[in-house]
Amino acid sequence: MDLAVEKNEAQCRAFTHAAWFSGEPYRTWWKNGFVHVLIQTGRKRDERLQQVPILNELMDELKDRGDGAPLC
């Protein structure tokens, strides 16, 4: 799967925190801006990904809009 991402054959990949912070190639991908972490699914943010929102925050934001807009 990692090779498919590097060859631009896959556009998205899901990870656990343990896998993401396990080492290469993920550290280099992040450092070089090759990947962007879009969302976290835990109940609270991982300290190492403070800039990445958690799903509950996004859902609360959509709920608070109250405009009936679709989620996608």
# chains A, B, ... in the order shown; residues from 1 in each chain; ligands from 1
call {"tool": "select_by_dssp", "arguments": {"residues": "chain A", "states": "helix (DSSP H, G or I)", "output": "list in words"}}
result
Asp2, Leu3, Ala4, Val5, Glu6, His17, Ala18, Ala19, Trp20, Tyr26, Arg27, Thr28, Trp29, Trp30, Lys31, Glu47, Arg48, Leu49, Leu55, Asn56, Glu57, Leu58, Met59, Asp60, Glu61, Leu62, Lys63, Asp64 and Arg65 of chain A
call {"tool": "write_last_selection", "arguments": {"atoms": "N, CA and C atoms", "output": "tab-separated table (two decimals), in the first residue's frame"}}
result
chain	number	residue	atom	x	y	z
A	2	ASP	N	1.93	1.24	0.78
A	2	ASP	CA	2.82	2.41	0.80
A	2	ASP	C	3.41	2.69	-0.58
A	3	LEU	N	3.81	1.65	-1.27
A	3	LEU	CA	4.36	1.82	-2.61
A	3	LEU	C	3.31	2.39	-3.55
A	4	ALA	N	2.08	1.93	-3.44
A	4	ALA	CA	1.00	2.46	-4.29
A	4	ALA	C	0.80	3.95	-4.02
A	5	VAL	N	0.88	4.37	-2.78
A	5	VAL	CA	0.77	5.80	-2.45
A	5	VAL	C	1.92	6.57	-3.09
A	6	GLU	N	3.13	6.06	-2.93
A	6	GLU	CA	4.29	6.75	-3.49
A	6	GLU	C	4.24	6.83	-5.01
A	17	HIS	N	-2.80	5.54	15.00
A	17	HIS	CA	-1.72	6.41	15.49
A	17	HIS	C	-0.42	5.64	15.63
A	18	ALA	N	-0.51	4.42	16.12
A	18	ALA	CA	0.69	3.61	16.32
A	18	ALA	C	1.43	3.39	15.00
A	19	ALA	N	0.70	3.09	13.95
A	19	ALA	CA	1.34	2.88	12.65
A	19	ALA	C	1.92	4.19	12.10
A	20	TRP	N	1.16	5.26	12.19
A	20	TRP	CA	1.59	6.54	11.63
A	20	TRP	C	2.89	7.02	12.28
A	26	TYR	N	6.61	7.22	6.82
A	26	TYR	CA	5.62	8.22	7.24
A	26	TYR	C	6.24	9.51	7.76
A	27	ARG	N	7.31	9.38	8.51
A	27	ARG	CA	7.98	10.57	9.04
A	27	ARG	C	8.48	11.46	7.89
A	28	THR	N	9.09	10.85	6.89
A	28	THR	CA	9.59	11.61	5.75
A	28	THR	C	8.44	12.17	4.92
A	29	TRP	N	7.40	11.39	4.70
A	29	TRP	CA	6.25	11.89	3.96
A	29	TRP	C	5.69	13.14	4.60
A	30	TRP	N	5.53	13.12	5.92
A	30	TRP	CA	4.97	14.26	6.66
A	30	TRP	C	5.91	15.45	6.57
A	31	LYS	N	7.19	15.22	6.82
A	31	LYS	CA	8.20	16.28	6.81
A	31	LYS	C	8.27	16.97	5.45
A	47	GLU	N	-1.49	14.57	20.86
A	47	GLU	CA	-0.62	15.74	21.09
A	47	GLU	C	0.28	16.02	19.90
A	48	ARG	N	0.63	14.99	19.16
A	48	ARG	CA	1.54	15.16	18.03
A	48	ARG	C	0.83	15.66	16.77
A	49	LEU	N	-0.48	15.70	16.79
A	49	LEU	CA	-1.26	16.17	15.64
A	49	LEU	C	-2.26	17.24	16.08
A	55	LEU	N	-12.99	13.99	14.51
A	55	LEU	CA	-14.30	13.83	13.88
A	55	LEU	C	-15.41	14.48	14.70
A	56	ASN	N	-15.39	14.28	16.01
A	56	ASN	CA	-16.44	14.85	16.86
A	56	ASN	C	-16.51	16.37	16.75
A	57	GLU	N	-15.36	17.04	16.64
A	57	GLU	CA	-15.36	18.49	16.49
A	57	GLU	C	-16.03	18.91	15.19
A	58	LEU	N	-15.72	18.21	14.13
A	58	LEU	CA	-16.32	18.54	12.84
A	58	LEU	C	-17.83	18.29	12.84
A	59	MET	N	-18.24	17.21	13.44
A	59	MET	CA	-19.67	16.90	13.51
A	59	MET	C	-20.40	17.94	14.36
A	60	ASP	N	-19.80	18.36	15.47
A	60	ASP	CA	-20.42	19.40	16.30
A	60	ASP	C	-20.53	20.71	15.53
A	61	GLU	N	-19.50	21.03	14.75
A	61	GLU	CA	-19.52	22.25	13.96
A	61	GLU	C	-20.66	22.21	12.94
A	62	LEU	N	-20.82	21.09	12.27
A	62	LEU	CA	-21.91	20.96	11.30
A	62	LEU	C	-23.27	21.00	11.97
A	63	LYS	N	-23.38	20.36	13.12
A	63	LYS	CA	-24.64	20.35	13.86
A	63	LYS	C	-25.02	21.77	14.30
A	64	ASP	N	-24.03	22.54	14.74
A	64	ASP	CA	-24.29	23.89	15.23
A	64	ASP	C	-24.67	24.85	14.11
A	65	ARG	N	-24.31	24.54	12.87
A	65	ARG	CA	-24.70	25.41	11.76
A	65	ARG	C	-26.20	25.47	11.62
call {"tool": "decode", "arguments": {"residues": "range 26-40 of chain A", "atoms": "N, CA, C and O atoms", "output": "PDB file, in the first residue's frame"}}
result
ATOM      1  N   TYR A  26       6.607   7.225   6.823  1.00  0.00           N
ATOM      2  CA  TYR A  26       5.616   8.221   7.236  1.00  0.00           C
ATOM      3  C   TYR A  26       6.239   9.508   7.761  1.00  0.00           C
ATOM      4  O   TYR A  26       5.762  10.596   7.465  1.00  0.00           O
ATOM      5  N   ARG A  27       7.313   9.384   8.507  1.00  0.00           N
ATOM      6  CA  ARG A  27       7.984  10.569   9.039  1.00  0.00           C
ATOM      7  C   ARG A  27       8.476  11.459   7.891  1.00  0.00           C
ATOM      8  O   ARG A  27       8.278  12.674   7.903  1.00  0.00           O
ATOM      9  N   THR A  28       9.087  10.848   6.895  1.00  0.00           N
ATOM     10  CA  THR A  28       9.590  11.612   5.755  1.00  0.00           C
ATOM     11  C   THR A  28       8.445  12.168   4.924  1.00  0.00           C
ATOM     12  O   THR A  28       8.503  13.316   4.468  1.00  0.00           O
ATOM     13  N   TRP A  29       7.398  11.386   4.695  1.00  0.00           N
ATOM     14  CA  TRP A  29       6.246  11.885   3.956  1.00  0.00           C
ATOM     15  C   TRP A  29       5.692  13.141   4.603  1.00  0.00           C
ATOM     16  O   TRP A  29       5.393  14.126   3.930  1.00  0.00           O
ATOM     17  N   TRP A  30       5.531  13.117   5.917  1.00  0.00           N
ATOM     18  CA  TRP A  30       4.969  14.257   6.661  1.00  0.00           C
ATOM     19  C   TRP A  30       5.910  15.448   6.571  1.00  0.00           C
ATOM     20  O   TRP A  30       5.494  16.565   6.272  1.00  0.00           O
ATOM     21  N   LYS A  31       7.194  15.215   6.820  1.00  0.00           N
ATOM     22  CA  LYS A  31       8.203  16.278   6.813  1.00  0.00           C
ATOM     23  C   LYS A  31       8.270  16.974   5.454  1.00  0.00           C
ATOM     24  O   LYS A  31       8.399  18.200   5.385  1.00  0.00           O
ATOM     25  N   ASN A  32       8.164  16.198   4.374  1.00  0.00           N
ATOM     26  CA  ASN A  32       8.275  16.748   3.024  1.00  0.00           C
ATOM     27  C   ASN A  32       6.959  17.256   2.448  1.00  0.00           C
ATOM     28  O   ASN A  32       6.924  17.716   1.314  1.00  0.00           O
ATOM     29  N   GLY A  33       5.866  17.144   3.206  1.00  0.00           N
ATOM     30  CA  GLY A  33       4.573  17.614   2.731  1.00  0.00           C
ATOM     31  C   GLY A  33       3.949  16.706   1.679  1.00  0.00           C
ATOM     32  O   GLY A  33       3.042  17.119   0.960  1.00  0.00           O
ATOM     33  N   PHE A  34       4.417  15.466   1.613  1.00  0.00           N
ATOM     34  CA  PHE A  34       3.880  14.513   0.651  1.00  0.00           C
ATOM     35  C   PHE A  34       2.479  14.051   1.052  1.00  0.00           C
ATOM     36  O   PHE A  34       1.676  13.705   0.199  1.00  0.00           O
ATOM     37  N   VAL A  35       2.204  14.048   2.339  1.00  0.00           N
ATOM     38  CA  VAL A  35       0.894  13.636   2.844  1.00  0.00           C
ATOM     39  C   VAL A  35       0.323  14.710   3.759  1.00  0.00           C
ATOM     40  O   VAL A  35       1.053  15.537   4.306  1.00  0.00           O
ATOM     41  N   HIS A  36      -0.981  14.669   3.912  1.00  0.00           N
ATOM     42  CA  HIS A  36      -1.685  15.569   4.816  1.00  0.00           C
ATOM     43  C   HIS A  36      -2.661  14.736   5.637  1.00  0.00           C
ATOM     44  O   HIS A  36      -3.473  13.999   5.067  1.00  0.00           O
ATOM     45  N   VAL A  37      -2.579  14.846   6.940  1.00  0.00           N
ATOM     46  CA  VAL A  37      -3.512  14.145   7.816  1.00  0.00           C
ATOM     47  C   VAL A  37      -4.775  14.998   7.882  1.00  0.00           C
ATOM     48  O   VAL A  37      -4.729  16.167   8.259  1.00  0.00           O
ATOM     49  N   LEU A  38      -5.899  14.423   7.487  1.00  0.00           N
ATOM     50  CA  LEU A  38      -7.143  15.183   7.357  1.00  0.00           C
ATOM     51  C   LEU A  38      -8.005  15.169   8.600  1.00  0.00           C
ATOM     52  O   LEU A  38      -8.693  16.152   8.892  1.00  0.00           O
ATOM     53  N   ILE A  39      -8.011  14.045   9.314  1.00  0.00           N
ATOM     54  CA  ILE A  39      -8.936  13.912  10.427  1.00  0.00           C
ATOM     55  C   ILE A  39      -8.433  12.841  11.397  1.00  0.00           C
ATOM     56  O   ILE A  39      -7.736  11.915  11.000  1.00  0.00           O
ATOM     57  N   GLN A  40      -8.772  13.023  12.651  1.00  0.00           N
ATOM     58  CA  GLN A  40      -8.522  12.010  13.674  1.00  0.00           C
ATOM     59  C   GLN A  40      -9.869  11.495  14.152  1.00  0.00           C
ATOM     60  O   GLN A  40     -10.837  12.241  14.194  1.00  0.00           O
TER      61      GLN A  40
END
